[in-house]
Structure formats: structure tokens, C-alpha cells
$ cat structure_0.txt   # compact mmCIF, C-alpha atoms
# COMPACT_ATOMS: atom_id res chain seq x y z
CA MET X 1185 134.52 167.33 81.00
CA THR X 1186 136.82 167.59 83.96
CA SER X 1187 139.29 165.44 82.15
CA GLY X 1188 139.19 167.59 79.01
CA PRO X 1189 142.83 167.89 77.91
CA ARG X 1190 142.76 171.69 77.63
CA LEU X 1191 141.52 172.22 81.19
CA VAL X 1192 144.04 169.74 82.57
CA GLU X 1193 146.83 171.54 80.71
CA VAL X 1194 145.78 175.01 81.90
CA ARG X 1195 145.37 173.71 85.46
CA ALA X 1196 148.83 172.15 85.36
CA ASN X 1197 150.25 175.53 84.33
CA VAL X 1198 148.46 177.27 87.19
CA LEU X 1199 149.85 174.73 89.65
CA ARG X 1200 153.34 175.11 88.22
CA ARG X 1201 153.19 178.89 88.55
CA ASN X 1202 151.85 178.52 92.08
CA ASP X 1203 154.73 176.21 93.01
CA VAL X 1204 157.33 178.62 91.66
CA LEU X 1205 155.82 181.48 93.65
CA ALA X 1206 155.45 179.32 96.78
CA ARG X 1207 159.12 178.39 96.55
CA SER X 1208 160.16 182.03 96.48
CA LEU X 1209 157.81 182.79 99.38
CA ARG X 1210 159.35 179.92 101.37
CA GLU X 1211 162.86 181.32 100.78
CA ARG X 1212 161.67 184.77 101.87
CA PHE X 1213 160.15 183.33 105.07
CA HIS X 1214 163.34 181.41 105.83
CA ARG X 1215 165.57 184.44 105.29
CA ALA X 1216 163.34 186.50 107.61
CA GLY X 1217 163.33 183.73 110.24
CA VAL X 1218 159.54 183.31 110.15
CA TYR X 1219 158.07 179.87 110.84
CA VAL X 1220 154.90 179.42 108.75
CA ILE X 1221 152.05 177.07 109.64
CA SER X 1222 148.96 176.59 107.47
CA LEU X 1223 145.70 175.11 108.76
CA VAL X 1224 143.31 173.19 106.50
CA SER X 1225 140.01 171.46 107.29
CA SER X 1226 136.32 171.12 106.45
CA PRO X 1227 134.18 174.17 107.11
CA GLY X 1228 133.47 174.42 110.83
CA ALA X 1229 136.11 171.96 112.08
CA GLY X 1230 137.43 174.59 114.48
CA LYS X 1231 140.44 176.22 112.78
CA THR X 1232 139.63 179.69 114.08
CA LYS X 1233 138.82 178.46 117.60
CA LEU X 1234 142.15 176.58 117.78
CA LEU X 1235 143.95 179.67 116.49
CA GLU X 1236 142.31 181.96 119.04
CA THR X 1237 143.73 179.90 121.90
CA THR X 1238 147.05 179.30 120.16
CA LEU X 1239 147.67 182.99 119.37
CA ALA X 1240 146.73 184.04 122.91
CA SER X 1241 149.25 181.56 124.30
CA LEU X 1242 152.14 182.28 121.89
CA ARG X 1243 151.99 186.06 121.75
CA GLY X 1244 153.72 186.56 125.11
CA ARG X 1245 156.87 184.92 123.79
CA TRP X 1246 156.82 185.32 120.02
CA GLN X 1247 155.77 187.83 117.42
CA VAL X 1248 152.92 186.03 115.67
CA ALA X 1249 150.61 187.11 112.86
CA THR X 1250 147.82 185.47 110.88
CA LEU X 1251 146.35 185.47 107.38
CA VAL X 1252 142.85 184.02 107.21
CA GLY X 1253 141.03 182.97 104.04
CA ASP X 1254 137.30 182.83 103.37
CA LEU X 1255 135.06 183.17 100.32
CA ALA X 1256 133.16 185.95 102.04
CA THR X 1257 132.99 187.90 105.35
CA ASP X 1258 135.80 189.03 107.63
CA ASN X 1259 134.24 187.22 110.61
CA ASP X 1260 137.37 185.20 111.37
CA ALA X 1261 139.70 188.20 111.20
CA VAL X 1262 137.40 190.04 113.62
CA ARG X 1263 137.51 187.07 116.02
CA LEU X 1264 141.29 186.72 115.81
CA GLU X 1265 141.94 190.44 116.24
CA ARG X 1266 140.69 190.06 119.80
CA THR X 1267 143.95 188.23 120.53
CA GLU X 1268 145.68 191.57 119.84
CA THR X 1269 147.98 190.07 117.24
CA PRO X 1270 148.15 191.25 113.62
CA VAL X 1271 145.52 189.61 111.39
CA ARG X 1272 144.59 190.07 107.75
CA GLN X 1273 141.57 188.57 106.00
CA ILE X 1274 141.92 187.24 102.45
CA THR X 1275 138.51 187.19 100.79
CA THR X 1276 138.63 184.82 97.82
CA GLY X 1277 135.20 185.50 96.29
CA THR X 1278 134.35 182.25 94.52
CA VAL X 1279 137.81 180.67 94.77
CA CYS X 1280 137.73 177.56 96.94
CA HIS X 1281 141.29 177.67 98.29
CA LEU X 1282 144.19 180.02 98.99
CA GLU X 1283 147.03 180.37 96.48
CA ALA X 1284 150.61 181.55 96.94
CA GLU X 1285 149.85 184.77 95.05
CA MET X 1286 147.05 185.67 97.50
CA VAL X 1287 149.42 185.09 100.41
CA GLU X 1288 152.12 187.24 98.82
CA ARG X 1289 149.67 190.05 98.17
CA ALA X 1290 148.25 189.91 101.70
CA LEU X 1291 151.74 190.26 103.22
CA GLY X 1292 152.21 193.68 101.60
CA GLY X 1293 153.44 196.26 104.09
CA TRP X 1294 154.25 193.76 106.83
CA SER X 1295 157.89 193.55 107.86
CA LEU X 1296 158.60 189.82 107.98
CA ASP X 1297 161.85 190.44 109.86
CA GLU X 1298 159.81 191.45 112.88
CA LEU X 1299 157.79 188.21 112.90
CA ASP X 1300 158.67 184.83 114.42
CA CYS X 1301 155.61 182.95 113.24
CA LEU X 1302 152.88 183.30 110.64
CA PHE X 1303 149.67 181.26 110.64
CA ILE X 1304 147.68 180.87 107.42
CA GLU X 1305 144.11 179.67 107.89
CA ASN X 1306 142.86 178.28 104.57
CA VAL X 1307 139.30 178.32 103.21
CA GLY X 1308 137.23 175.49 104.76
CA ASN X 1309 137.57 172.75 102.14
CA LEU X 1310 139.03 169.23 102.44
CA VAL X 1311 139.82 168.92 98.74
CA CYS X 1312 141.17 171.84 96.75
CA PRO X 1313 143.64 173.44 99.21
CA SER X 1314 145.72 170.26 99.12
CA SER X 1315 147.08 171.09 95.67
CA TYR X 1316 148.34 174.59 96.46
CA ASP X 1317 151.67 175.07 98.20
CA LEU X 1318 151.62 178.37 100.13
CA GLY X 1319 155.31 178.38 101.09
CA GLU X 1320 154.49 177.12 104.58
CA ASP X 1321 156.89 175.06 106.73
CA MET X 1322 154.11 172.92 108.11
CA ARG X 1323 150.62 172.07 106.94
CA VAL X 1324 148.27 171.00 109.72
CA VAL X 1325 145.02 169.24 108.84
CA LEU X 1326 142.19 169.48 111.36
CA MET X 1327 139.37 166.96 111.61
CA SER X 1328 136.50 167.31 114.01
CA VAL X 1329 135.33 164.18 115.84
CA THR X 1330 131.81 165.09 114.66
CA GLU X 1331 132.76 164.52 111.00
CA GLY X 1332 133.13 160.72 111.12
CA GLU X 1333 136.19 158.50 111.31
CA ASP X 1334 136.40 157.79 107.58
CA LYS X 1335 137.36 161.26 106.39
CA PRO X 1336 141.07 160.44 105.88
CA LEU X 1337 140.06 157.60 103.54
CA LYS X 1338 137.59 159.77 101.64
CA TYR X 1339 139.86 162.83 101.34
CA PRO X 1340 143.27 161.16 101.13
CA THR X 1341 145.25 163.93 99.41
CA ILE X 1342 144.78 166.51 102.14
CA PHE X 1343 145.88 164.03 104.81
CA ASN X 1344 148.70 162.75 102.66
CA THR X 1345 150.16 166.23 102.18
CA ALA X 1346 149.85 167.24 105.85
CA ASP X 1347 152.75 167.41 108.33
CA ALA X 1348 150.56 167.06 111.42
CA ALA X 1349 146.90 166.39 112.21
CA VAL X 1350 144.62 167.65 114.96
CA LEU X 1351 141.46 165.86 116.07
CA THR X 1352 139.27 168.73 117.29
CA LYS X 1353 136.13 169.03 119.46
CA MET X 1354 137.31 166.10 121.59
CA ASP X 1355 134.77 167.18 124.25
CA LEU X 1356 132.09 165.85 121.85
CA ALA X 1357 133.78 162.51 121.10
CA ALA X 1358 131.60 160.48 123.49
CA ALA X 1359 128.36 162.24 122.49
CA VAL X 1360 128.92 161.47 118.79
CA GLU X 1361 130.26 157.97 119.56
CA CYS X 1362 133.45 158.71 117.66
CA ASP X 1363 135.55 155.58 117.19
CA LEU X 1364 138.93 157.19 117.99
CA PRO X 1365 141.06 154.08 117.31
CA ALA X 1366 139.44 153.91 113.84
CA ALA X 1367 140.12 157.62 113.22
CA HIS X 1368 143.80 157.14 114.13
CA LYS X 1369 144.04 153.96 112.08
CA HIS X 1370 142.63 155.70 108.99
CA ILE X 1371 145.02 158.64 109.35
CA GLN X 1372 148.01 156.29 109.64
CA LEU X 1373 146.85 154.25 106.64
CA ILE X 1374 146.93 157.38 104.48
CA ARG X 1375 149.97 159.05 106.05
CA PRO X 1376 152.03 156.59 108.09
CA GLY X 1377 153.84 158.20 111.02
CA LEU X 1378 151.85 161.45 110.95
CA ARG X 1379 151.85 163.13 114.36
CA VAL X 1380 148.27 163.49 115.61
CA PHE X 1381 147.01 165.71 118.45
CA GLU X 1382 143.68 165.28 120.24
CA VAL X 1383 142.37 168.61 121.47
CA SER X 1384 139.35 170.50 122.67
CA ALA X 1385 140.01 174.22 122.42
CA LYS X 1386 136.77 174.64 124.38
CA THR X 1387 137.73 172.63 127.47
CA GLY X 1388 141.49 172.95 127.11
CA LEU X 1389 141.95 169.17 126.72
CA GLY X 1390 145.20 168.35 124.93
CA MET X 1391 146.06 172.00 124.38
CA ASP X 1392 149.28 171.82 126.45
CA GLU X 1393 150.74 169.20 124.15
CA TRP X 1394 149.67 171.11 121.02
CA LEU X 1395 151.04 174.42 122.32
CA GLY X 1396 154.29 172.74 123.39
CA PHE X 1397 154.67 171.44 119.86
CA MET X 1398 154.02 174.90 118.39
CA GLN X 1399 156.59 176.45 120.79
CA SER X 1400 159.24 173.91 119.85
CA GLN X 1401 158.65 174.35 116.11
CA ILE X 1402 158.84 178.14 116.27
CA GLY X 1403 161.80 177.94 118.65
CA SER X 1404 163.78 175.73 116.31
CA ARG X 1405 163.42 178.31 113.51
CA ALA X 1406 164.22 181.25 115.79
CA GLN X 1407 167.48 179.57 116.89
CA SER X 1408 168.61 178.58 113.41
CA MET A 891 146.78 183.17 89.02
CA THR A 892 143.23 182.13 89.61
CA SER A 893 142.07 185.16 87.75
CA GLY A 894 144.34 184.45 84.77
CA PRO A 895 142.17 185.10 81.69
CA ARG A 896 142.93 181.74 80.05
CA LEU A 897 141.86 179.66 83.03
CA VAL A 898 138.71 181.71 83.46
CA GLU A 899 137.85 181.22 79.81
CA VAL A 900 138.45 177.45 79.87
CA ARG A 901 136.46 177.16 83.11
CA ALA A 902 133.57 179.11 81.58
CA ASN A 903 133.53 176.65 78.67
CA VAL A 904 133.47 173.69 81.05
CA LEU A 905 130.55 175.21 82.94
CA ARG A 906 128.70 175.95 79.69
CA ARG A 907 129.14 172.36 78.50
CA ASN A 908 128.03 171.11 81.91
CA ASP A 909 124.90 173.26 81.74
CA VAL A 910 123.98 171.95 78.29
CA LEU A 911 124.37 168.36 79.43
CA ALA A 912 122.48 169.04 82.69
CA ARG A 913 119.59 170.48 80.70
CA SER A 914 119.32 167.36 78.59
CA LEU A 915 119.55 165.18 81.72
CA ARG A 916 116.73 167.22 83.30
CA GLU A 917 114.53 166.68 80.24
CA ARG A 918 115.30 162.96 80.35
CA PHE A 919 114.37 162.78 84.05
CA HIS A 920 111.12 164.68 83.42
CA ARG A 921 110.12 162.46 80.53
CA ALA A 922 110.76 159.37 82.65
CA GLY A 923 108.80 160.83 85.58
CA VAL A 924 111.79 160.71 87.97
CA TYR A 925 112.05 163.37 90.68
CA VAL A 926 115.74 164.14 91.32
CA ILE A 927 117.13 165.53 94.57
CA SER A 928 120.79 166.39 95.12
CA LEU A 929 122.39 166.76 98.54
CA VAL A 930 125.36 169.07 99.16
CA SER A 931 127.24 169.86 102.39
CA SER A 932 130.60 169.97 104.15
CA PRO A 933 132.32 166.63 104.68
CA GLY A 934 130.69 164.84 107.60
CA ALA A 935 127.52 166.95 107.87
CA GLY A 936 125.41 163.80 107.69
CA LYS A 937 124.28 163.41 104.06
CA THR A 938 124.62 159.63 104.07
CA LYS A 939 122.99 159.25 107.49
CA LEU A 940 120.00 161.35 106.38
CA LEU A 941 119.78 159.31 103.16
CA GLU A 942 119.85 155.99 105.03
CA THR A 943 116.73 156.94 106.97
CA THR A 944 115.07 158.63 104.01
CA LEU A 945 115.57 155.68 101.64
CA ALA A 946 114.33 153.20 104.25
CA SER A 947 111.16 155.27 104.67
CA LEU A 948 110.45 155.97 100.99
CA ARG A 949 111.17 152.56 99.48
CA GLY A 950 107.85 151.05 100.57
CA ARG A 951 105.95 153.50 98.42
CA TRP A 952 108.29 154.61 95.65
CA GLN A 953 111.03 153.19 93.50
CA VAL A 954 114.08 155.12 94.71
CA ALA A 955 117.74 154.94 93.71
CA THR A 956 120.90 156.80 94.66
CA LEU A 957 124.15 157.98 93.11
CA VAL A 958 126.80 158.88 95.66
CA GLY A 959 130.00 160.83 94.97
CA ASP A 960 133.33 160.71 96.79
CA LEU A 961 136.95 161.29 95.90
CA ALA A 962 137.82 157.80 97.13
CA THR A 963 136.25 154.71 98.75
CA ASP A 964 132.82 153.20 98.21
CA ASN A 965 132.00 153.43 101.94
CA ASP A 966 128.81 155.41 101.37
CA ALA A 967 127.48 153.08 98.69
CA VAL A 968 128.09 150.12 101.01
CA ARG A 969 126.16 151.89 103.78
CA LEU A 970 123.26 152.81 101.51
CA GLU A 971 123.01 149.35 99.94
CA ARG A 972 121.81 148.13 103.32
CA THR A 973 118.54 149.94 102.61
CA GLU A 974 118.05 147.44 99.76
CA THR A 975 117.58 150.15 97.16
CA PRO A 976 119.80 150.52 94.08
CA VAL A 977 122.97 152.54 94.75
CA ARG A 978 125.96 153.42 92.61
CA GLN A 979 129.18 155.04 93.78
CA ILE A 980 130.85 157.70 91.64
CA THR A 981 134.54 157.93 92.55
CA THR A 982 135.88 161.27 91.36
CA GLY A 983 139.61 160.79 92.05
CA THR A 984 140.88 164.31 92.65
CA VAL A 985 137.79 166.13 91.36
CA CYS A 986 136.12 168.09 94.15
CA HIS A 987 132.51 167.95 92.91
CA LEU A 988 130.13 165.95 90.71
CA GLU A 989 129.44 167.01 87.13
CA ALA A 990 126.52 166.26 84.84
CA GLU A 991 128.70 163.98 82.70
CA MET A 992 129.56 161.80 85.73
CA VAL A 993 125.86 161.52 86.56
CA GLU A 994 124.99 160.57 82.98
CA ARG A 995 127.70 157.93 82.89
CA ALA A 996 126.68 156.47 86.26
CA LEU A 997 123.07 156.05 85.08
CA GLY A 998 124.16 153.63 82.33
CA GLY A 999 122.04 150.50 82.29
CA TRP A 1000 119.41 151.79 84.70
CA SER A 1001 115.90 152.08 83.31
CA LEU A 1002 114.74 155.52 84.44
CA ASP A 1003 111.13 154.68 83.56
CA GLU A 1004 111.07 152.27 86.48
CA LEU A 1005 112.19 154.92 88.97
CA ASP A 1006 110.13 157.51 90.86
CA CYS A 1007 112.97 159.26 92.62
CA LEU A 1008 116.73 159.58 92.31
CA PHE A 1009 118.99 160.98 95.03
CA ILE A 1010 122.43 162.33 94.15
CA GLU A 1011 124.81 162.74 97.09
CA ASN A 1012 127.58 165.13 96.09
CA VAL A 1013 131.21 165.14 97.27
CA GLY A 1014 131.51 166.81 100.70
CA ASN A 1015 132.43 170.38 99.76
CA LEU A 1016 130.62 173.65 100.49
CA VAL A 1017 132.17 175.51 97.56
CA CYS A 1018 132.71 173.83 94.21
CA PRO A 1019 129.51 171.75 93.79
CA SER A 1020 127.47 174.97 93.75
CA SER A 1021 128.60 175.78 90.20
CA TYR A 1022 127.61 172.45 88.61
CA ASP A 1023 124.01 171.80 87.62
CA LEU A 1024 123.35 168.04 87.69
CA GLY A 1025 119.88 168.17 86.15
CA GLU A 1026 118.25 167.82 89.57
CA ASP A 1027 114.79 169.18 90.43
CA MET A 1028 115.84 170.18 93.90
CA ARG A 1029 119.18 170.92 95.53
CA VAL A 1030 119.21 170.47 99.29
CA VAL A 1031 122.05 171.96 101.34
CA LEU A 1032 122.80 170.34 104.69
CA MET A 1033 124.52 172.14 107.54
CA SER A 1034 125.40 170.45 110.81
CA VAL A 1035 124.79 172.42 114.01
CA THR A 1036 128.39 171.57 114.96
CA GLU A 1037 129.76 173.68 112.07
CA GLY A 1038 128.87 177.11 113.42
CA GLU A 1039 126.03 179.48 112.60
CA ASP A 1040 128.00 181.65 110.19
CA LYS A 1041 128.46 179.10 107.40
CA PRO A 1042 125.71 180.57 105.14
CA LEU A 1043 127.52 183.94 105.24
CA LYS A 1044 130.91 182.37 104.55
CA TYR A 1045 129.72 180.02 101.76
CA PRO A 1046 126.93 182.09 100.22
CA THR A 1047 126.80 180.53 96.75
CA ILE A 1048 125.89 177.04 97.90
CA PHE A 1049 123.07 178.40 100.08
CA ASN A 1050 121.96 180.81 97.41
CA THR A 1051 121.59 178.06 94.81
CA ALA A 1052 119.76 175.63 97.15
CA ASP A 1053 116.02 174.90 97.06
CA ALA A 1054 115.83 173.68 100.67
CA ALA A 1055 118.16 173.48 103.68
CA VAL A 1056 118.47 170.92 106.46
CA LEU A 1057 120.06 171.66 109.83
CA THR A 1058 121.45 168.27 110.86
CA LYS A 1059 122.66 166.70 114.13
CA MET A 1060 120.04 168.68 116.08
CA ASP A 1061 120.59 166.30 119.02
CA LEU A 1062 123.97 168.07 119.50
CA ALA A 1063 122.60 171.63 119.27
CA ALA A 1064 122.62 172.23 123.04
CA ALA A 1065 126.02 170.58 123.60
CA VAL A 1066 127.68 172.81 120.99
CA GLU A 1067 125.67 175.87 122.11
CA CYS A 1068 124.41 176.39 118.57
CA ASP A 1069 122.60 179.72 118.23
CA LEU A 1070 119.69 178.43 116.12
CA PRO A 1071 117.98 181.81 115.60
CA ALA A 1072 121.30 183.11 114.23
CA ALA A 1073 121.65 180.08 111.93
CA HIS A 1074 118.15 180.68 110.53
CA LYS A 1075 118.75 184.41 110.22
CA HIS A 1076 121.96 183.84 108.23
CA ILE A 1077 120.27 181.37 105.88
CA GLN A 1078 117.42 183.80 105.24
CA LEU A 1079 119.85 186.67 104.66
CA ILE A 1080 121.51 184.70 101.86
CA ARG A 1081 118.42 183.00 100.47
CA PRO A 1082 115.21 184.71 101.62
CA GLY A 1083 112.26 182.35 101.93
CA LEU A 1084 114.32 179.15 101.79
CA ARG A 1085 112.52 176.26 103.49
CA VAL A 1086 114.63 174.94 106.37
CA PHE A 1087 114.23 171.63 108.22
CA GLU A 1088 115.72 170.85 111.62
CA VAL A 1089 116.48 167.15 111.96
CA SER A 1090 118.41 164.55 113.85
CA ALA A 1091 118.57 161.36 111.82
CA LYS A 1092 120.00 159.74 114.97
CA THR A 1093 117.10 160.50 117.34
CA GLY A 1094 114.40 160.89 114.68
CA LEU A 1095 113.74 164.52 115.66
CA GLY A 1096 112.14 166.44 112.77
CA MET A 1097 112.29 163.44 110.43
CA ASP A 1098 108.51 163.25 110.00
CA GLU A 1099 108.38 166.74 108.58
CA TRP A 1100 111.35 166.09 106.29
CA LEU A 1101 109.96 162.77 105.05
CA GLY A 1102 106.52 164.31 104.50
CA PHE A 1103 108.16 166.96 102.35
CA MET A 1104 110.01 164.30 100.34
CA GLN A 1105 106.78 162.31 99.85
CA SER A 1106 104.90 165.37 98.63
CA GLN A 1107 107.66 166.36 96.19
CA ILE A 1108 107.95 162.88 94.69
CA GLY A 1109 104.17 162.54 94.64
CA SER A 1110 103.70 165.77 92.71
CA ARG A 1111 106.03 164.48 89.97
CA ALA A 1112 104.45 161.01 89.90
CA GLN A 1113 100.98 162.55 89.36
CA SER A 1114 102.03 164.99 86.67
$ encode --input "structure_0.txt" --output "C-alpha cells"
Amino acid sequence: MTSGPRLVEVRANVLRRNDVLARSLRERFHRAGVYVISLVSSPGAGKTKLLETTLASLRGRWQVATLVGDLATDNDAVRLERTETPVRQITTGTVCHLEAEMVERALGGWSLDELDCLFIENVGNLVCPSSYDLGEDMRVVLMSVTEGEDKPLKYPTIFNTADAAVLTKMDLAAAVECDLPAAHKHIQLIRPGLRVFEVSAKTGLGMDEWLGFMQSQIGSRAQS
Amino acid sequence: MTSGPRLVEVRANVLRRNDVLARSLRERFHRAGVYVISLVSSPGAGKTKLLETTLASLRGRWQVATLVGDLATDNDAVRLERTETPVRQITTGTVCHLEAEMVERALGGWSLDELDCLFIENVGNLVCPSSYDLGEDMRVVLMSVTEGEDKPLKYPTIFNTADAAVLTKMDLAAAVECDLPAAHKHIQLIRPGLRVFEVSAKTGLGMDEWLGFMQSQIGSRAQS
């Protein structure tokens, strides 16, 4: 069924078209000097919470904006607008991931030259977003300590295609008896050398290191 | 891209074929007197943990078996085998959900007449599994209190197609400041009248009610 040759062929074409569009988006972002970071994770791993704190910290120094994807509701856009940075919600309907075309459409009317950094928060899904390049410079995968240490092994593609990982909700690590060495070991098995941050956006734990990393990434683009 | 007419058409055909096969599976289960329950949720919401306790409780009275889906690893099957009930792992590769064909194939060699109840644990994904009928009698959606109260609004289809819901990890509800009335309200907005259980498989909280429900469902099939 899934492996029916016609579906595989059509899906391959969709991915090819997405890659072509993502490539042109990436060139556009580079020309405009915008550093683009996408966030992927399970539903409820804390993408929006991490972004709230990150946007509030970065906006004094950089021009930042956000696109946020969900099947339904504009809840996340409403939350992020409180940081007084530009936010647009992409509502995908039944589509389980963002695609380059949705990103391109959502950018309409924004002047990229005025931006230093764009965040793209994907639909909560550890599987499907991994196959769709959005033209981002960096893909960050989030994993909550409440989800269990084996998620990198069970969802290898999303960890394998990430450029950094964030272990979120660290304030709950003891309560859920998270085996942190095992979590790190599993990430490194799937993606050796991947940089991993441990944070709690709620308590502030680890946020300095994460925000320092964001600053340096955006800064390197702004200076180039 | 996603809405390209050719992909939509091919996908509709896949869903139609899945529905036909699921219908014949359902008839087969009914004839054999097997009650079939599927579990869907985000990655790490606690499907396997709930199943461990449920299987251990039911196996004294009923013949129960489990199919468990994941992209990679047989971790869950290994965990569930400790309950000394029959378990088979379905490894989907890159496919983000189970399909009726995978279920049919995985049943090969099992005599359904000897079973009273079959559990099917889907791939952790709050989006894609909602579209694929597996021939089950009851679809149960799990939602961990750590995920946030708005998940039913953001992933409406999976809640709308469920026959029961379980709020898991209730032992963490206070620590994560989960607004339980809001969680219930959102579930009822999407699926009015849906029966909702609050459980912690870790502390045992709410498990009696959940297990009683399972017993009564399986019992009603066994007597019919």
C-alpha cells in the first residue's frame, strides 16, 4: 500500500519540487542576510515556550521574525506576538508538516532585507517534517525529558537531519527519572558529534548557553 | 505542492484501498470474537507503559496479544514481551503510521480464534495515523499532561476519530501546572461526549477505572 510504486513516484516528485524551491529560498535568505532556524519536535515538547524566551532575548539586538505551523488554531502565533516581534501562523489543515511552498507564501509582504533572523516552528511531528527542506540554515530538534530516552533510536531520520538538539523541560528530569547519559548516548549514536543543549525555559536552566549559541550563529551571518 | 491534484488523487486511492482492507480485517476479527483496541498518541505519551500494566492485568482472564508499530527498533516489543503475552513488532521504516495491510501481514500465523483481545500500538504521531482505519473496534487517543492542554484543538482529527481518550502521566499534572479543566474542555469541544480517563501507569492512579473499562469492552465481545 505505502510501497505502491505510483505513490512512491508521486511522493518523490513532490520532494524533488520541494527541494528545488527550498534551494531558491535558501539563496534568497542568504542574499538578504537572514539566518534561518527551524524547530522540529513531538507535539508539546516546548518549541513555542523556548521561542518565547529566545525571541524576548534576541529582539533587543537583532531583527527577528517567526513563522509558526500548526494543523489548526493560531494559539502559538498569539503567544509569540506577546514578544512584540513579527509572527505569522501557517495553518496546514490536514498536512502533517511544513513545506517550502508554505514558507514562501507566508513570507509575502515581509521585507527580508530588514530581518537578521527568521525562526520557523514546524508542526509537532517527529516523522514527516524530516523529509522537507525549508531553506533553513539550521534545523534544531527538540526532545522533552518526559518523552523517554529512546526517541532518537525510534525516530532516527529527524535526529539524523538535525544540526543541533535541545533537551527541554530539564526541570522535570528528576521527577520522570530521565536517564540523561542514555539520552545523550542515543543522540550521538544516530548523529555523531551533534551539539546538544539541556534547557528549561521555565526555570532558565541552560538558557544562557542556548542564547549565546543563537547570538553567535546570527552574528556570523550578519558579519558575512 | 501538497495540494497538487495528482498527489491528492493517489493518496485518496491509497486511503480507499486501506478502508476496504480494514473492513475485511474488522469482519475477520468479529467472526473470531477478538476485540481490537488501537492506541494513538504523540511520541513518548506513554502508550507502551499503559499497555505493560494493562496486559499484565488482563492476561489472567483473557487471551490478549499486541502488535506494536515503530519506525525503527523493537524496543517496545521487548518491553511488552515481559508481560508474557504474544507481541509482534511492526517496523515501518520511514512510514509515519500503521496501515491495515501492515496489520494483516503481522497477524500471519496467529490463530485469531484463540484470542479474546488484540491491542495495536501505533507509531507515535498525532497526525497521520488518524486517516488509517486498522479494523479496530475502538481507537484510544492518549495525551500526556506534559504536552499542554491545547493539543485537542491543534490536532483535531485524531481526537475527533477516537472512541476514548486517556490523560496520561497524571502524577506530573501538578508539577507541569496542567490545567485539567481546560484539557477536558478542549477534548469535549472537538469530540463531544468522548469518554476520558485520567491515569498514571506509574503510580496506579485511575488504573482501576481504565482496566474495568477494558474488561467490560472485551467481555461484551466475548459474550456476543
$ closest_residue --input "structure_0.txt" --among "X:Leu1235, X:Val1192, X:Val1224, X:Val1383" --to "chain A" --atoms "all atoms listed in the file"
X:Val1192
$ atom_distance --input "structure_0.txt" --atom1 "CA of Arg1375 in chain X" --atom2 "CA of Thr938 in chain A"
25.4 Å
$ interface_residues --input "structure_0.txt" --of "chain A" --to "chain X" --cutoff "8 Å" --atoms "only C-alpha atoms" --output "ChimeraX atom specification"
/A:891-892,896-897,900-901,904,907-908,932-935,960-963,984-986,989,991,1015-1018,1036-1038,1041,1043-1046,1062,1065
$ write_last_selection --input "structure_0.txt" --atoms "C-alpha atoms" --output "PDB file, in the coordinates of the input"
ATOM      1  CA  MET A 891     146.780 183.170  89.020  1.00  0.00           C
ATOM      2  CA  THR A 892     143.230 182.130  89.610  1.00  0.00           C
ATOM      3  CA  ARG A 896     142.930 181.740  80.050  1.00  0.00           C
ATOM      4  CA  LEU A 897     141.860 179.660  83.030  1.00  0.00           C
ATOM      5  CA  VAL A 900     138.450 177.450  79.870  1.00  0.00           C
ATOM      6  CA  ARG A 901     136.460 177.160  83.110  1.00  0.00           C
ATOM      7  CA  VAL A 904     133.470 173.690  81.050  1.00  0.00           C
ATOM      8  CA  ARG A 907     129.140 172.360  78.500  1.00  0.00           C
ATOM      9  CA  ASN A 908     128.030 171.110  81.910  1.00  0.00           C
ATOM     10  CA  SER A 932     130.600 169.970 104.150  1.00  0.00           C
ATOM     11  CA  PRO A 933     132.320 166.630 104.680  1.00  0.00           C
ATOM     12  CA  GLY A 934     130.690 164.840 107.600  1.00  0.00           C
ATOM     13  CA  ALA A 935     127.520 166.950 107.870  1.00  0.00           C
ATOM     14  CA  ASP A 960     133.330 160.710  96.790  1.00  0.00           C
ATOM     15  CA  LEU A 961     136.950 161.290  95.900  1.00  0.00           C
ATOM     16  CA  ALA A 962     137.820 157.800  97.130  1.00  0.00           C
ATOM     17  CA  THR A 963     136.250 154.710  98.750  1.00  0.00           C
ATOM     18  CA  THR A 984     140.880 164.310  92.650  1.00  0.00           C
ATOM     19  CA  VAL A 985     137.790 166.130  91.360  1.00  0.00           C
ATOM     20  CA  CYS A 986     136.120 168.090  94.150  1.00  0.00           C
ATOM     21  CA  GLU A 989     129.440 167.010  87.130  1.00  0.00           C
ATOM     22  CA  GLU A 991     128.700 163.980  82.700  1.00  0.00           C
ATOM     23  CA  ASN A1015     132.430 170.380  99.760  1.00  0.00           C
ATOM     24  CA  LEU A1016     130.620 173.650 100.490  1.00  0.00           C
ATOM     25  CA  VAL A1017     132.170 175.510  97.560  1.00  0.00           C
ATOM     26  CA  CYS A1018     132.710 173.830  94.210  1.00  0.00           C
ATOM     27  CA  THR A1036     128.390 171.570 114.960  1.00  0.00           C
ATOM     28  CA  GLU A1037     129.760 173.680 112.070  1.00  0.00           C
ATOM     29  CA  GLY A1038     128.870 177.110 113.420  1.00  0.00           C
ATOM     30  CA  LYS A1041     128.460 179.100 107.400  1.00  0.00           C
ATOM     31  CA  LEU A1043     127.520 183.940 105.240  1.00  0.00           C
ATOM     32  CA  LYS A1044     130.910 182.370 104.550  1.00  0.00           C
ATOM     33  CA  TYR A1045     129.720 180.020 101.760  1.00  0.00           C
ATOM     34  CA  PRO A1046     126.930 182.090 100.220  1.00  0.00           C
ATOM     35  CA  LEU A1062     123.970 168.070 119.500  1.00  0.00           C
ATOM     36  CA  ALA A1065     126.020 170.580 123.600  1.00  0.00           C
TER      37      ALA A1065
END
$ closest_residue --input "structure_0.txt" --among "X:Val1350, X:Ala1406, X:Leu1318, X:Ile1374" --to "Leu1205 in chain X" --atoms "only C-alpha atoms"
X:Leu1318
$ residues_around --input "structure_0.txt" --residues "Leu1008 in chain A" --least-positions-apart "4" --cutoff "10 Å" --atoms "all atoms listed in the file" --output "VMD selection string"
chain A and resid 919 924 to 928 953 to 957 976 to 977 1002 1026 to 1027 1108
$ atom_distance --input "structure_0.txt" --atom1 "CA of Asn1306 in chain X" --atom2 "CA of Ala1063 in chain A"
25.9 Å
$ atom_distance --input "structure_0.txt" --atom1 "CA of His1368 in chain X" --atom2 "CA of Phe1397 in chain X"
18.9 Å
